[in-house]
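**Q** The following file, structure16.txt, comprises compact mmCIF, N, CA and C atoms:
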```
# COMPACT_ATOMS: atom_id res chain seq x y z
N PHE A 736 104.71 108.14 102.40
CA PHE A 736 103.86 107.73 101.29
C PHE A 736 103.28 108.92 100.53
N ARG A 737 103.14 110.05 101.17
CA ARG A 737 102.41 111.16 100.56
C ARG A 737 103.11 111.77 99.35
N THR A 738 104.41 111.61 99.23
CA THR A 738 105.13 112.21 98.10
C THR A 738 105.63 111.18 97.09
N VAL A 739 105.36 109.92 97.35
CA VAL A 739 105.82 108.85 96.46
C VAL A 739 104.70 108.48 95.47
N PRO A 740 104.99 108.50 94.17
CA PRO A 740 103.96 108.12 93.18
C PRO A 740 103.80 106.60 93.12
N PHE A 741 102.95 106.06 93.95
CA PHE A 741 102.78 104.60 94.03
C PHE A 741 101.37 104.13 93.66
N ILE A 742 100.46 105.06 93.44
CA ILE A 742 99.07 104.68 93.16
C ILE A 742 98.89 104.53 91.65
N PRO A 743 98.55 103.33 91.17
CA PRO A 743 98.39 103.14 89.74
C PRO A 743 97.13 103.84 89.22
N SER A 744 97.28 104.46 88.06
CA SER A 744 96.17 105.16 87.44
C SER A 744 96.25 104.95 85.93
N ALA A 745 95.14 104.58 85.35
CA ALA A 745 95.10 104.35 83.90
C ALA A 745 94.80 105.66 83.18
N VAL A 746 95.57 105.91 82.11
CA VAL A 746 95.37 107.09 81.29
C VAL A 746 95.06 106.63 79.88
N VAL A 747 93.95 107.09 79.32
CA VAL A 747 93.56 106.71 77.97
C VAL A 747 93.89 107.85 77.02
N THR A 748 94.74 107.57 76.03
CA THR A 748 95.09 108.54 75.00
C THR A 748 95.11 107.85 73.65
N ASN A 749 94.48 108.45 72.69
CA ASN A 749 94.45 107.90 71.32
C ASN A 749 94.07 106.42 71.30
N ASN A 750 93.02 106.07 72.02
CA ASN A 750 92.51 104.69 72.09
C ASN A 750 93.49 103.69 72.68
N ALA A 751 94.50 104.18 73.38
CA ALA A 751 95.45 103.30 74.05
C ALA A 751 95.42 103.62 75.55
N THR A 752 95.50 102.60 76.36
CA THR A 752 95.51 102.79 77.81
C THR A 752 96.93 102.58 78.33
N LYS A 753 97.41 103.57 79.06
CA LYS A 753 98.74 103.49 79.66
C LYS A 753 98.59 103.57 81.17
N LEU A 754 99.45 102.88 81.85
CA LEU A 754 99.45 102.89 83.31
C LEU A 754 100.53 103.84 83.79
N ARG A 755 100.17 104.71 84.72
CA ARG A 755 101.16 105.58 85.36
C ARG A 755 100.91 105.54 86.85
N HIS A 756 101.85 106.03 87.61
CA HIS A 756 101.71 106.04 89.06
C HIS A 756 101.69 107.49 89.54
N VAL A 757 100.76 107.79 90.45
CA VAL A 757 100.59 109.16 90.95
C VAL A 757 100.72 109.18 92.47
N THR A 758 100.95 110.37 93.00
CA THR A 758 101.02 110.55 94.45
C THR A 758 99.60 110.69 95.00
N PRO A 759 99.43 110.55 96.31
CA PRO A 759 98.09 110.73 96.90
C PRO A 759 97.47 112.10 96.62
N SER A 760 98.29 113.14 96.48
CA SER A 760 97.74 114.47 96.22
C SER A 760 97.35 114.69 94.77
N GLN A 761 97.71 113.76 93.90
CA GLN A 761 97.39 113.89 92.47
C GLN A 761 96.14 113.11 92.08
N CYS A 762 95.49 112.48 93.03
CA CYS A 762 94.30 111.71 92.69
C CYS A 762 93.22 111.90 93.75
N LEU A 763 92.02 111.52 93.36
CA LEU A 763 90.87 111.62 94.25
C LEU A 763 90.11 110.31 94.23
N LEU A 764 89.43 110.03 95.32
CA LEU A 764 88.50 108.90 95.33
C LEU A 764 87.20 109.38 94.70
N PRO A 765 86.43 108.49 94.09
CA PRO A 765 85.19 108.92 93.45
C PRO A 765 84.25 109.58 94.45
N SER A 766 83.64 110.63 94.02
CA SER A 766 82.70 111.36 94.86
C SER A 766 81.28 110.90 94.57
N ALA A 767 80.43 111.03 95.55
CA ALA A 767 79.02 110.72 95.34
C ALA A 767 78.39 111.74 94.40
N SER A 768 79.02 112.90 94.30
CA SER A 768 78.51 113.96 93.44
C SER A 768 79.13 113.86 92.04
N ALA A 769 78.30 113.60 91.06
CA ALA A 769 78.77 113.52 89.68
C ALA A 769 79.31 114.88 89.22
N GLU A 770 78.72 115.95 89.71
CA GLU A 770 79.15 117.30 89.33
C GLU A 770 80.57 117.57 89.83
N LEU A 771 80.87 117.14 91.04
CA LEU A 771 82.21 117.32 91.59
C LEU A 771 83.23 116.54 90.76
N SER A 772 82.91 115.31 90.43
CA SER A 772 83.81 114.50 89.62
C SER A 772 84.04 115.15 88.26
N LYS A 773 82.98 115.69 87.68
CA LYS A 773 83.09 116.34 86.37
C LYS A 773 83.96 117.59 86.45
N THR A 774 83.84 118.34 87.53
CA THR A 774 84.61 119.57 87.71
C THR A 774 86.11 119.31 87.75
N TYR A 775 86.53 118.26 88.43
CA TYR A 775 87.95 118.00 88.64
C TYR A 775 88.53 116.93 87.72
N ARG A 776 87.75 116.44 86.78
CA ARG A 776 88.19 115.33 85.92
C ARG A 776 89.50 115.64 85.17
N GLY A 777 89.68 116.82 84.66
CA GLY A 777 90.88 117.15 83.91
C GLY A 777 92.10 117.45 84.76
N LEU A 778 91.88 117.69 86.03
CA LEU A 778 92.99 118.06 86.92
C LEU A 778 93.52 116.91 87.75
N PHE A 779 92.66 115.97 88.10
CA PHE A 779 93.04 114.88 88.99
C PHE A 779 92.63 113.54 88.39
N ASP A 780 93.36 112.51 88.74
CA ASP A 780 92.97 111.14 88.40
C ASP A 780 92.01 110.65 89.48
N PHE A 781 90.99 109.94 89.08
CA PHE A 781 90.07 109.34 90.04
C PHE A 781 90.40 107.86 90.15
N VAL A 782 90.58 107.38 91.37
CA VAL A 782 90.93 105.97 91.59
C VAL A 782 89.92 105.33 92.52
N ASP A 783 89.63 104.07 92.27
CA ASP A 783 88.70 103.33 93.12
C ASP A 783 89.11 101.87 93.09
N PHE A 784 89.65 101.40 94.20
CA PHE A 784 90.14 100.02 94.28
C PHE A 784 89.31 99.17 95.23
N GLY A 785 88.12 99.63 95.55
CA GLY A 785 87.27 98.88 96.47
C GLY A 785 87.36 99.41 97.88
N GLN A 786 86.45 98.96 98.71
CA GLN A 786 86.29 99.51 100.06
C GLN A 786 87.55 99.41 100.92
N LYS A 787 88.16 98.24 100.99
CA LYS A 787 89.34 98.06 101.85
C LYS A 787 90.53 98.87 101.36
N ALA A 788 90.78 98.83 100.06
CA ALA A 788 91.92 99.58 99.51
C ALA A 788 91.69 101.08 99.63
N ASN A 789 90.45 101.52 99.44
CA ASN A 789 90.16 102.94 99.56
C ASN A 789 90.36 103.44 100.99
N LEU A 790 90.12 102.59 101.98
CA LEU A 790 90.41 102.98 103.37
C LEU A 790 91.90 103.24 103.54
N PHE A 791 92.72 102.38 102.96
CA PHE A 791 94.17 102.59 103.00
C PHE A 791 94.54 103.88 102.29
N LEU A 792 93.97 104.10 101.10
CA LEU A 792 94.28 105.31 100.34
C LEU A 792 93.91 106.56 101.12
N ARG A 793 92.78 106.54 101.80
CA ARG A 793 92.40 107.69 102.64
C ARG A 793 93.44 107.91 103.74
N ALA A 794 93.93 106.83 104.31
CA ALA A 794 94.91 106.93 105.40
C ALA A 794 96.23 107.55 104.94
N VAL A 795 96.55 107.40 103.66
CA VAL A 795 97.82 107.97 103.17
C VAL A 795 97.62 109.30 102.45
N GLY A 796 96.39 109.83 102.48
CA GLY A 796 96.20 111.19 101.97
C GLY A 796 95.34 111.38 100.75
N VAL A 797 94.80 110.32 100.17
CA VAL A 797 93.88 110.49 99.04
C VAL A 797 92.54 110.96 99.60
N ALA A 798 91.97 111.98 98.98
CA ALA A 798 90.73 112.57 99.50
C ALA A 798 89.59 112.43 98.49
N ASP A 799 88.39 112.75 98.96
CA ASP A 799 87.22 112.78 98.08
C ASP A 799 87.12 114.12 97.37
N MET A 800 87.69 115.14 98.00
CA MET A 800 87.63 116.49 97.45
C MET A 800 88.99 117.15 97.66
N PRO A 801 89.51 117.83 96.64
CA PRO A 801 90.84 118.44 96.78
C PRO A 801 90.82 119.69 97.66
N THR A 802 91.96 119.98 98.25
CA THR A 802 92.11 121.22 99.00
C THR A 802 92.36 122.35 97.99
N PRO A 803 92.18 123.59 98.40
CA PRO A 803 92.49 124.71 97.50
C PRO A 803 93.94 124.67 97.01
N ASN A 804 94.87 124.27 97.87
CA ASN A 804 96.28 124.17 97.45
C ASN A 804 96.48 123.11 96.38
N GLN A 805 95.80 121.98 96.50
CA GLN A 805 95.91 120.93 95.49
C GLN A 805 95.36 121.41 94.15
N VAL A 806 94.25 122.14 94.17
CA VAL A 806 93.67 122.66 92.94
C VAL A 806 94.64 123.65 92.30
N ALA A 807 95.20 124.55 93.11
CA ALA A 807 96.15 125.53 92.59
C ALA A 807 97.37 124.85 91.98
N ASN A 808 97.92 123.86 92.67
CA ASN A 808 99.09 123.15 92.14
C ASN A 808 98.76 122.41 90.85
N ALA A 809 97.58 121.81 90.77
CA ALA A 809 97.18 121.10 89.56
C ALA A 809 97.02 122.08 88.40
N LEU A 810 96.42 123.24 88.66
CA LEU A 810 96.26 124.25 87.61
C LEU A 810 97.61 124.79 87.14
N ILE A 811 98.51 125.01 88.07
CA ILE A 811 99.85 125.49 87.71
C ILE A 811 100.57 124.44 86.87
N GLY A 812 100.42 123.18 87.23
CA GLY A 812 101.04 122.10 86.46
C GLY A 812 100.50 122.05 85.04
N LYS A 813 99.19 122.21 84.89
CA LYS A 813 98.59 122.22 83.55
C LYS A 813 99.03 123.45 82.78
N LEU A 814 99.14 124.59 83.46
CA LEU A 814 99.55 125.82 82.80
C LEU A 814 100.96 125.70 82.25
N SER A 815 101.85 125.08 83.01
CA SER A 815 103.23 124.94 82.52
C SER A 815 103.29 124.05 81.29
N ILE A 816 102.42 123.06 81.20
CA ILE A 816 102.38 122.20 80.01
C ILE A 816 101.90 123.00 78.80
N VAL A 817 100.87 123.81 79.01
CA VAL A 817 100.34 124.64 77.91
C VAL A 817 101.40 125.65 77.47
N GLN A 818 102.07 126.30 78.41
CA GLN A 818 103.12 127.27 78.06
C GLN A 818 104.24 126.59 77.28
N TYR A 819 104.63 125.40 77.68
CA TYR A 819 105.67 124.66 76.98
C TYR A 819 105.24 124.36 75.55
N MET A 820 104.00 123.93 75.37
CA MET A 820 103.50 123.61 74.04
C MET A 820 103.49 124.85 73.15
N VAL A 821 103.12 126.00 73.70
CA VAL A 821 103.10 127.25 72.93
C VAL A 821 104.51 127.64 72.52
N ILE A 822 105.46 127.52 73.43
CA ILE A 822 106.85 127.89 73.13
C ILE A 822 107.44 126.95 72.09
N VAL A 823 107.21 125.67 72.22
CA VAL A 823 107.78 124.68 71.30
C VAL A 823 107.15 124.81 69.91
N LEU A 824 105.84 125.02 69.87
CA LEU A 824 105.16 125.08 68.57
C LEU A 824 105.40 126.44 67.96
```
Once more with this new file: its structure as C-alpha cells, please.
**A**
Amino acid sequence: FRTVPFIPSAVVTNNATKLRHVTPSQCLLPSASAELSKTYRGLFDFVDFGQKANLFLRAVGVADMPTPNQVANALIGKLSIVQYMVIVL
C-alpha cells in the first residue's frame, strides 16, 4: 500500500476542484498545530476521513508529521516542476 496512489485528495485550482490519488508518503493527517499544517501546506496534501479511516491511514504509512526524507523528496519534486517551467517558458 505504501507506494500505491490510492488516497483521494481534492486539489483546488482556478476555482475548480479536481480529485487525484496520492501515496501515503505524499499526504499528512491534520496536525493539532496550525503552524505545522501551514509550514507543509504547499508540499503535502492533508487528508482527514474521520477517526476510523485515519487509523487505517496511519497503519499504511500516513503520518502527522513528515520525515526529513519525505520533506526532501517533496522539495525535489517541486524543484523539478519549477525547472521544467523555466525551461519551457
**Q** Need the shell around Met800 in chain A: protein/DNA/RNA residues with any atom at most 6.5 Å away, counting all atoms listed in the file. Skip same-chain ones fewer than 2 positions apart. Format as a list of chain:residue names?
**A**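 These residues fall inside the cut-off: A:Leu763, A:Leu764, A:Ala798, A:Thr802.
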**Q** CA of Ser760 in chain A and atom N of Gln805 in chain A, how far apart in Å?
**A** 7.8 Å
**Q** From the set A:Ala794, A:Cys762, A:Ala807, A:Ala745, which residue has the shortest atom-to-atom contact distance to Phe781 in chain A, counting only C-alpha atoms?
**A**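 Between A:Ala794, A:Cys762, A:Ala807, A:Ala745, the residue approaching Phe781 in chain A most closely is A:Cys762.
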**Q** Which value, in Å to one decimal, gives the distance between atom C of Arg737 in chain A and CA of Thr752 in chain A?
**A**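 Straight-line distance from atom C of Arg737 in chain A to CA of Thr752 in chain A works out to 24.5 Å.
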**Q** Just give me the gap between atom N of Gly796 in chain A and atom C of Lys813 in chain A in Å, one decimal is fine.
**A**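 Distance between the two atoms: 24.1 Å.
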**Q** Here is a test: counting only C-alpha atoms, which residue of A:Thr738, A:Thr774, A:Asn789, A:Gln761 is nearest to Asn808 in chain A?
**A**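 So, comparing all the options, the nearest one is A:Gln761.
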**Q** So which one's closest to Arg755 in chain A, A:Phe741, A:Phe784, A:Phe736, A:Tyr775? Using only C-alpha atoms, please.
**A** A:Phe741
**Q** So which bits of chain A end up alpha helix (DSSP H) when you DSSP the backbone, as an MDAnalysis selection string?
**A** chainID A and resid 769:775 786:794 803:823
**Q** Would you output that residue set with N, CA and C atoms, as a short mmCIF file (atom, residue, chain, number, x, y, z; two decimals), keeping the file's coordinate frame?
**A**
```cif
data_model
loop_
_atom_site.label_atom_id
_atom_site.label_comp_id
_atom_site.auth_asym_id
_atom_site.auth_seq_id
_atom_site.Cartn_x
_atom_site.Cartn_y
_atom_site.Cartn_z
N ALA A 769 78.30 113.60 91.06
CA ALA A 769 78.77 113.52 89.68
C ALA A 769 79.31 114.88 89.22
N GLU A 770 78.72 115.95 89.71
CA GLU A 770 79.15 117.30 89.33
C GLU A 770 80.57 117.57 89.83
N LEU A 771 80.87 117.14 91.04
CA LEU A 771 82.21 117.32 91.59
C LEU A 771 83.23 116.54 90.76
N SER A 772 82.91 115.31 90.43
CA SER A 772 83.81 114.50 89.62
C SER A 772 84.04 115.15 88.26
N LYS A 773 82.98 115.69 87.68
CA LYS A 773 83.09 116.34 86.37
C LYS A 773 83.96 117.59 86.45
N THR A 774 83.84 118.34 87.53
CA THR A 774 84.61 119.57 87.71
C THR A 774 86.11 119.31 87.75
N TYR A 775 86.53 118.26 88.43
CA TYR A 775 87.95 118.00 88.64
C TYR A 775 88.53 116.93 87.72
N GLN A 786 86.45 98.96 98.71
CA GLN A 786 86.29 99.51 100.06
C GLN A 786 87.55 99.41 100.92
N LYS A 787 88.16 98.24 100.99
CA LYS A 787 89.34 98.06 101.85
C LYS A 787 90.53 98.87 101.36
N ALA A 788 90.78 98.83 100.06
CA ALA A 788 91.92 99.58 99.51
C ALA A 788 91.69 101.08 99.63
N ASN A 789 90.45 101.52 99.44
CA ASN A 789 90.16 102.94 99.56
C ASN A 789 90.36 103.44 100.99
N LEU A 790 90.12 102.59 101.98
CA LEU A 790 90.41 102.98 103.37
C LEU A 790 91.90 103.24 103.54
N PHE A 791 92.72 102.38 102.96
CA PHE A 791 94.17 102.59 103.00
C PHE A 791 94.54 103.88 102.29
N LEU A 792 93.97 104.10 101.10
CA LEU A 792 94.28 105.31 100.34
C LEU A 792 93.91 106.56 101.12
N ARG A 793 92.78 106.54 101.80
CA ARG A 793 92.40 107.69 102.64
C ARG A 793 93.44 107.91 103.74
N ALA A 794 93.93 106.83 104.31
CA ALA A 794 94.91 106.93 105.40
C ALA A 794 96.23 107.55 104.94
N PRO A 803 92.18 123.59 98.40
CA PRO A 803 92.49 124.71 97.50
C PRO A 803 93.94 124.67 97.01
N ASN A 804 94.87 124.27 97.87
CA ASN A 804 96.28 124.17 97.45
C ASN A 804 96.48 123.11 96.38
N GLN A 805 95.80 121.98 96.50
CA GLN A 805 95.91 120.93 95.49
C GLN A 805 95.36 121.41 94.15
N VAL A 806 94.25 122.14 94.17
CA VAL A 806 93.67 122.66 92.94
C VAL A 806 94.64 123.65 92.30
N ALA A 807 95.20 124.55 93.11
CA ALA A 807 96.15 125.53 92.59
C ALA A 807 97.37 124.85 91.98
N ASN A 808 97.92 123.86 92.67
CA ASN A 808 99.09 123.15 92.14
C ASN A 808 98.76 122.41 90.85
N ALA A 809 97.58 121.81 90.77
CA ALA A 809 97.18 121.10 89.56
C ALA A 809 97.02 122.08 88.40
N LEU A 810 96.42 123.24 88.66
CA LEU A 810 96.26 124.25 87.61
C LEU A 810 97.61 124.79 87.14
N ILE A 811 98.51 125.01 88.07
CA ILE A 811 99.85 125.49 87.71
C ILE A 811 100.57 124.44 86.87
N GLY A 812 100.42 123.18 87.23
CA GLY A 812 101.04 122.10 86.46
C GLY A 812 100.50 122.05 85.04
N LYS A 813 99.19 122.21 84.89
CA LYS A 813 98.59 122.22 83.55
C LYS A 813 99.03 123.45 82.78
N LEU A 814 99.14 124.59 83.46
CA LEU A 814 99.55 125.82 82.80
C LEU A 814 100.96 125.70 82.25
N SER A 815 101.85 125.08 83.01
CA SER A 815 103.23 124.94 82.52
C SER A 815 103.29 124.05 81.29
N ILE A 816 102.42 123.06 81.20
CA ILE A 816 102.38 122.20 80.01
C ILE A 816 101.90 123.00 78.80
N VAL A 817 100.87 123.81 79.01
CA VAL A 817 100.34 124.64 77.91
C VAL A 817 101.40 125.65 77.47
N GLN A 818 102.07 126.30 78.41
CA GLN A 818 103.12 127.27 78.06
C GLN A 818 104.24 126.59 77.28
N TYR A 819 104.63 125.40 77.68
CA TYR A 819 105.67 124.66 76.98
C TYR A 819 105.24 124.36 75.55
N MET A 820 104.00 123.93 75.37
CA MET A 820 103.50 123.61 74.04
C MET A 820 103.49 124.85 73.15
N VAL A 821 103.12 126.00 73.70
CA VAL A 821 103.10 127.25 72.93
C VAL A 821 104.51 127.64 72.52
N ILE A 822 105.46 127.52 73.43
CA ILE A 822 106.85 127.89 73.13
C ILE A 822 107.44 126.95 72.09
N VAL A 823 107.21 125.67 72.22
CA VAL A 823 107.78 124.68 71.30
C VAL A 823 107.15 124.81 69.91
#
```
**Q** What parts of chain A does DSSP call strand (DSSP E or B)? I'd like the answer as a ChimeraX atom specification.
**A** /A:742-748,751-757,762-763,780-781,798
**Q** Which one of A:Gly777, A:Leu790, A:Val795, A:Gly785 sits closest to Ala809 in chain A if you count all atoms listed in the file?
**A**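 Among A:Gly777, A:Leu790, A:Val795, A:Gly785, it is A:Gly777 that comes nearest to Ala809 in chain A.
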**Q** Which residue out of A:Lys787, A:Arg793, A:Val739, A:Ala769 has the minimum interatomic distance to His756 in chain A when only N, CA and C atoms are used?
**A**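 Closest to His756 in chain A of all the choices is A:Val739.
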